[in-house]
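This report refers to the structure that appears directly beneath it.
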Amino acid sequence: MANDIIRPSQEERSSHYKSGSIKRVKLVNFLTYDAVEFMPGPRLNVVVGPNGTGKSTILCAICLGLGGQPPLLGRADDARLFIKHERDQAIIEIELAPKLKSDGRPEAIHVIKRVIDREKGSEHGKGKGASTYFINGHKSNLKSVQELVGEKYRIHIDNLCTFLPQDKVGNFSGFDKQALLLETEKSLSGHLYNTHNDLIELERALQSSGTDVASIQNELDKLQKENERLEREKELMEERESYIERLDLLQKKRAWLVFDDKREEAKASKERREELKKQKKEAEKGLRPLAERHARVEGDVSRIRSRYKSLEVKSRKDAKSFQEIIDKMDRYGDDVENELSGYATIEAEQRQAEKMVEKQRRRLEEIEEEGSSFPPLEEIERTMKQSQNEMRGVKADMSREKTKVQGVLQQIDEANDQKKGASQQLDRLKDDKKLRLQRLFAKAKNVEEAYKFIDQNRKMFRRPVWGPIAAEVQPNDQGTASVLENHVSQATWKSYVVECKEDYDLLYREVREKRKIPINIITVERIKLDQLTRMYSNERMELLRREHGFFGYLDETFVAPNHIMQALINRHNVDKVLVGGDAVQHSLDRKDLIEFLSTREAHDRRPGKQSSCFFYTFKNETFKYTNQVSRYTGEVGSDVQNILAAKLLKPGSDPALKDRLADTIQNADELIAKLQPTVDETKAVLEKMQIEGQSIALQFKEAKRTKNDYNQYKMKLTNQRDKYAEAQENAAKDNDREKARRVAKIKKLVENSISMSENAAKVHGEIMKGTHSLTGVKMSENDLSDSLRKLTDELTEKQAETAELTQQYKAADTEYNQRKDILKKLLKEAENIAPMEEWRERLDQDDIPENLEGVEDALDEAENKVNSIAENPHVMRHYEERKKEIAKLQEQLDEAGGEKNMKRQQLEQKLDRWESSLINIVQDVNKKFSAYMKEVGCAGEIRLFTAGADTRGDNEGDNVRYNFKDWGVEILVKFREASTLQVLSAQTHSGGERSVSTIMYLMGLQNLMSSPFRCVDEINQGLDERNERLVFKRIVENSTLPAGSSNTDHCGQYFLITPKLLPNLDGMENENITVLFVFSGAHNFNSCLDWNVDKFIEDKKNFLSQEEEDDASNSHSKGGRRKRKSR
C-alpha cells in the first residue's frame, strides 16, 4: 500500500542513542501508575496527555531512578511519598544507552533499578533508608549509582539547564547572573566549572597571601622593637645577679659569725651548770639526819592516835546501849498509859453500838417501803418477752423487704457503673482537639512553643486568640477530614487567628521577634458568615444535588468557631468548594459536568467562564477536580488529584464506638428510670416498719430498765439487812472479860519497866570509867603532835632549799643542752652554706666585714640594690625566643613572597584558557539566542559579566582583583519595540516572557551541552498560541538536526512535557520526533492496547479524503457558489 507508514527497525533506532541516553523506563506502583514500561526515542520526545494523568511523573521517575533526591523536584522531601496510594513498594527501572569502545562496539549496558519501600526508613525522617539500588540486577548503593551516572555518563540531574522539572521552572528564571553562569558551566563542561572554582580559590589565596606578607612584616617589626626592650632588661638582670651573688656571700659569712657568738654563750652556760651541781650535793647531805628524826616522832604520834580511837569507839558503844535501854523504858510507860485509856473507853463503845443498831433498823424500814412501788417481777418479764417477739417479727418483715429491693438496687448500681464507664470513655474519645494538637506538635515544635506562650499569657491580649486552626475544626467524618486537610494548606493549619491588629502586633513581637519562633498569624476583624454569597444559586445547587450527586459545600461538612470559619473562607474559599459522592463520577462519565460548572448563570454578567473546584468519592477513593480558566485562551483546564487519607485531622477514635457508648448510656438511664419507682415504694414501707420497730424497742427498753431497777433494789435490801445484823452483833459483846484482859496486860508492862531501870544503872558505870582513860591518852597525843609539827617545819624548809637548787641545776643543764644543740645546728648550717675549707679565703676578703654588725649592714645594702631592680626571671628566655622568632619570621617572609608569585602565575595560566573558552561560548550562545528571539519578534542578548575586571592591569601589582566569584551571565531581553534591553527578572517580566527567554537560552546551549539528555516540563505554560508555535518550532529544529559523522553525533535526547499540543504544528512529521501519549486517568483508554497509532493515521487519512470528495461534490452541485473552507 502506497500510504503505509515505514518505521525504522529496533536496531536502527538503537544505533541513534547517544551514550547515556534513556532507552527504556519501567515503573511499578509509582505515583499515578500501577505498571508501565515505555521506550523513549533517541532524539526529541514529546510527552502529551491531560493534566493529572502522569506526564510529570515520568520526569520524577527519571530523576529518582538515576539517584536524584526528592528536593530536586520541588514536590516533596521524602521518596516514600512517590509510592502509589495504598501500595507498599514502588519500582523504577531505567536502561541507559552504553558507551562505545574504540572499535565502535558498545560496552556493557547499564540498567539502574531503585526500589522504594514504605515500611523502611524512620517514620518521621526523610525516607533516606527507604530506597534500595541495583545496577544490572546486583544490589548497590546510592554513591555507586551517582558515580556511574555523573562520572561515566556525565548526567547531572541537579543542573536546571539540563533537567528542568515543572516545580522548578520559576527557579531558573529567578537565578542571579552568578548562579546562571555556574549552572551553565556545569551543563557545558565539568572542566569549565572546576576551573572557575579553582580561579575563585586562587584569587582568595592570593588576597590572603598578600595579607599574610604584610602581617608577617608587621609582626617582624614588632618583634624587633620588642627585642630591643628585652636587651635593656637583660643588662639590668645581669647587674641584679651580681648583687645577688654578693648577698649570698654575706649570708655565708653571717652564718659563721653567728656560730662563733653562740659558741661563747654555750661555754658560759656550761660553767654555771657545774657550780649549781656542787651546791645541790651539799644541801642533800645536810637533809638526811633531820628526815630520820622526823620519821621516829611521826611513828609515836601514829600509835597514840590509834589507842585514842579504840577507847573512843568503846565509849560511843556504851552510850548507845544506855540510850536504847532508856528508850525501852519510855515505850513501856506509853503502853501502860494506852491500856489505861482503853480500859476507860469500853463503856463508851457499848453505848455507841446500841445507837448504830437503831440507825440501821430505821434505814432497813425505808428500803422495804421503796419496794412497794415496783410491779410484780413476772409482769415485767412478760412485757419484755412480748416486746422481743414483736421486734423479731418487724425485723423479719424488714429483712424480706430489703432482700426484695436489694436485687433492684444492684441492677441500678450496675447500670450506673456502666453509664459512668461509658461516659468517661466517651469523654476521652471526644477530646479530638487534644489528639490533633499532639499530632501537630510532634511535626512542628515551633507551633507547640507558640501555643504554650499564648496559653500562658491569654490575659495579655485584648480579644481571644484562636488556634492553631487544625485543633479548632471538627470534621463530620473521616472522608470530610481527608478532603478538608487536602484543600487547606499546611501553613494555614499551623496558623493562629486574632481578632484585632493590636493582638497581631503583640503576638508577632513577643513570639517572632523576641523568642525567634516562626509563627503564622491571620487577622479576622469582622465575621461575615451571615452575608455569604454562594457560588451557585439555590436552583443550580438543587440540580447539582439531584442529578450530579453533590451533597453541598465544603464549609457545611465541618464545625469550627466563627473566626476560624471566616479565616478558612477568606484564605481557601471553603464556601465555594463542592463535595459529592459516587454519583459525581457517573455524572462526569455521562454528562459534561465540567462545562456545566464553568458556565456562569444568567444573573452573572461577567464575561467568560468561571473556575471551580469539587471533591468526590468513588469506590472508596477520593478525588479533587480543579478547573482553572486560562488567562490566554479562556478555555478551562482540569487538574485531577487522588486524595490521601487525613493524617492531621483524622478522628481520634472510631465513630461507631462513640455511638455504642452513647447507646450504653441511654440504656442505663432508661433502666434506672424503670426500676427507681420500685425502690421508692420499698423505702417507704421500710421507713414505716422502722418507726414501728423503734416504738417496740422503746417499750422493751423501758421494761428492761424497770427490771434492772428492781434487781438493784433487791441487792440494796440484802446489804442493809446484813448491816443491821452486824450492828446487833456488836451491841451484844461481853465487856467484863475485856476489862480483865486489859488489867493483866498493865501489870506485865510495869514489871518490864523496872527490869530496864536496873540495866541502865550498870551501863552508866562503864561509861564513866572509859571517859577517864580517854582523857589521859588525849593529853599524851597533844605533846607528841607539837614536837612533830616543829620537826616538820624545819624539814620542809630544808627540802625547799634543796629543791630550789635542784630546779636551778636542771634549768642550767637544759639551757646548756639547748645551746649545744643550737650550736651543732648552726655549725651544720654554716658547713652546708659555706664549708670552711672551701670558703675560708673568700670569706676573709678585705671587702667582707669581720663582725656580725658590719655583715648585717652590708646585707641590708645588697638587698636594697636587688629590690631596686624588678625581678623578671623569664627575660633571658624571652630574649632568646624572640631572636629565634625573628629569624623564623624572616624566613617565612621570604617564602611567602615566592609562593604568592607562583599562585599568581597559576591563576594567569588558568584564566587565559578559561576566559577565552567562556567568551567563545557566550558569543556563540549570544548569536543563537539573538537569532531565536528575533524569530518570535523580540530582541535578546547574552552578556558575560566580569564584575569590573575587564581591564586586567599590571599582573605584577599586588592589588589586581578579578572578583571571579561575582562573574556571571546576563540574559537581556526586549519584548516591545519602544522598550530597551533589560536583564531578565521575575519583577520586570511576565511568566510567558520568562518562559520564552528561558527556552531560547536553553536552545542556544543545546549543542554545547555535555549531558546525553535534557528534560523540560511544561515550559510552554502561559504562552499564547503564536509564541507557543514558534517555541515548539525552535525546539523541533534544534533537537532534530541531522546527525554528523555517526548516528550518535547529534545534540542528544530531549524530553518535552506538555499538557497540550496545538493543531497543525510544523515539523511533527520529522522522523526524529517520538510522541509519548499518557493513557492514564478517568477519560483515557482503559488499556494501552486500545490505541493503535497506525490505524489512527490510516483512519484520519481516509476521513480527510472522504471529506474532500464530499466538499467537491457539494461544490459542483451548487454551481461553485461557495468554496470549501480551508482546514
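Chain labels A, B, ... are given in the sequence in which chains occur in the C-alpha cells; within each chain residues are numbered consecutively from 1, and ligands are likewise numbered from 1 in the order shown.
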Polymer residues at most 9 Å from Lys328 of chain A, only C-alpha atoms, same-chain spacing of 5 or more positions, as a PyMOL selection string: chain A and resi 323+333+753+756
So that I can see what lies close to Asp575 of chain A, please list as a VMD selection string the residues with an atom at most 12 Å from it, counting only C-alpha atoms and leaving out residues fewer than 6 positions away in the same chain. chain A and resid 484 487 528 to 529 531 to 536 552 to 558 565 to 569 612 to 614
Identify, on the basis of only C-alpha atoms, every residue whose closest approach to segment 643-651 of chain A does not exceed 7 Å; exclude the query and any residue fewer than 4 positions from it along the same chain; express the result as a PyMOL selection string. chain A and resi 432+436+439-440+470+478+481-482+485-486+622-624
Set the distance at 8 Å and use only C-alpha atoms: which residues neighbour segment 488-498 of chain A once local chain neighbours fewer than 2 positions away are removed? I'd like the list as a count of residues only. 29
For Lys18 of chain A, the nearest of the candidates A:His85, A:Arg263, A:His772, A:Arg43, counting only C-alpha atoms: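 The closest residue to Lys18 of chain A is A:Arg43.
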Let me make sure I understand: among A:Leu435, A:Met460, A:Leu717, A:Leu180, which one has the smallest atom-to-atom distance to Val969 of chain A if we use only C-alpha atoms? A:Leu180
As a list in words, please: every residue in segment 465-602 of chain A that DSSP puts in strand (DSSP E or B).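 Residues of segment 465-602 of chain A classed as strand (DSSP E or B): Trp466, Gln474, Pro475, Tyr496, Val497, Val498, Ile521, Ile522, Thr523, Phe550, Phe551, Gly552, Tyr553, Phe558, Val559, Leu578, Val579 and Gly580 of chain A.
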Report as a ChimeraX atom specification all protein, DNA and RNA residues lying within 10 Å of Ile325 of chain A, evaluated on only C-alpha atoms, omitting residues in the same chain fewer than 6 positions from it. /A:753,755-761,763
Can you check which parts of segment 1008-1033 of chain A lie within 12 Å of segment 190-200 of chain A? Per residue, the shortest pair of atoms and distance in Å to one decimal, counting only C-alpha atoms, sorted by chain and number, as a Markdown table.
```
| residue | atom | partner | partner_atom | distance |
| --- | --- | --- | --- | --- |
| A:Met1009 | CA | A:Gly190 | CA | 10.4 |
| A:Ser1010 | CA | A:Gly190 | CA | 8.6 |
| A:Ser1011 | CA | A:Gly190 | CA | 10.5 |
```
How far is it from atom CA of Asp604 of chain A to atom CA of Asn573 of chain A, in Å with one decimal?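 Between atom CA of Asp604 of chain A and atom CA of Asn573 of chain A the gap is 18.6 Å.
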Selection near Ser19 of chain A, 9 Å with only C-alpha atoms, sequence-local residues under 6 positions removed, as a short mmCIF file (atom, residue, chain, number, x, y, z; two decimals) with N, CA and C atoms, in the first residue's frame:
```cif
data_model
loop_
_atom_site.label_atom_id
_atom_site.label_comp_id
_atom_site.auth_asym_id
_atom_site.auth_seq_id
_atom_site.Cartn_x
_atom_site.Cartn_y
_atom_site.Cartn_z
N LEU A 96 20.11 2.65 30.29
CA LEU A 96 20.88 3.70 29.64
C LEU A 96 21.60 3.15 28.41
N ALA A 97 21.73 4.00 27.39
CA ALA A 97 22.48 3.61 26.19
C ALA A 97 23.95 3.49 26.55
N PRO A 98 24.64 2.44 26.08
CA PRO A 98 26.02 2.21 26.50
C PRO A 98 27.01 3.12 25.77
N LYS A 99 28.20 3.21 26.37
CA LYS A 99 29.30 3.89 25.68
C LYS A 99 29.85 2.99 24.58
N LEU A 100 30.52 3.58 23.61
CA LEU A 100 31.12 2.82 22.52
C LEU A 100 32.62 2.67 22.75
N TYR A 153 28.64 8.75 32.62
CA TYR A 153 27.74 9.22 31.56
C TYR A 153 27.54 10.74 31.57
N PRO A 1012 23.85 13.71 28.05
CA PRO A 1012 23.28 12.97 26.92
C PRO A 1012 21.79 13.25 26.72
N THR A 1048 25.26 8.75 16.31
CA THR A 1048 25.18 9.33 17.66
C THR A 1048 25.77 10.72 17.73
N GLY A 1052 21.75 15.09 21.25
CA GLY A 1052 21.30 14.25 22.35
C GLY A 1052 19.79 14.14 22.45
#
```
DSSP on the backbone: what in segment 831-1041 of chain A comes out alpha helix (DSSP H), as a ChimeraX atom specification? /A:831-833,836-843,852-868,875-935,991-1005,1025-1039
Closest to Gly968 of chain A among A:Gln456, A:Tyr809, A:Ile942, A:Leu148, using only C-alpha atoms?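 Comparing A:Gln456, A:Tyr809, A:Ile942, A:Leu148 against Gly968 of chain A, the winner is A:Ile942.
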So, with only C-alpha atoms as the atoms that count, which of A:Gln424, A:Thr682, A:Thr633, A:Thr184 lies closest to Lys404 of chain A?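 Nearest candidate to Lys404 of chain A out of A:Gln424, A:Thr682, A:Thr633, A:Thr184: A:Thr682.
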Quick one: everything within 12 Å of Glu381 of chain A, counting only C-alpha atoms, minus sequence neighbours fewer than 2 positions away in the same chain. Send it as a list in words.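 So the residues in contact are Pro375, Pro376, Leu377, Glu378, Glu379, Thr383, Met384, Lys385, Gln386, Ser387, Gln388, Phe700, Lys701, Glu702, Ala703, Lys704, Arg705, Thr706, Lys707, Asn708 and Tyr710 of chain A.
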Give me the segment 379-442 of chain A side of the contact with segment 686-689 of chain A, cut-off 10 Å, one line per residue showing its nearest atom pair and distance in Å at one decimal, counting only C-alpha atoms, sorted by chain and residue number, as CSV.
```
residue,atom,partner,partner_atom,distance
A:Val394,CA,A:Met689,CA,6.6
A:Lys395,CA,A:Met689,CA,8.4
A:Asp397,CA,A:Met689,CA,8.0
A:Met398,CA,A:Leu686,CA,6.1
A:Ser399,CA,A:Leu686,CA,9.2
A:Arg400,CA,A:Leu686,CA,10.0
A:Glu401,CA,A:Leu686,CA,7.0
A:Lys402,CA,A:Leu686,CA,7.8
```
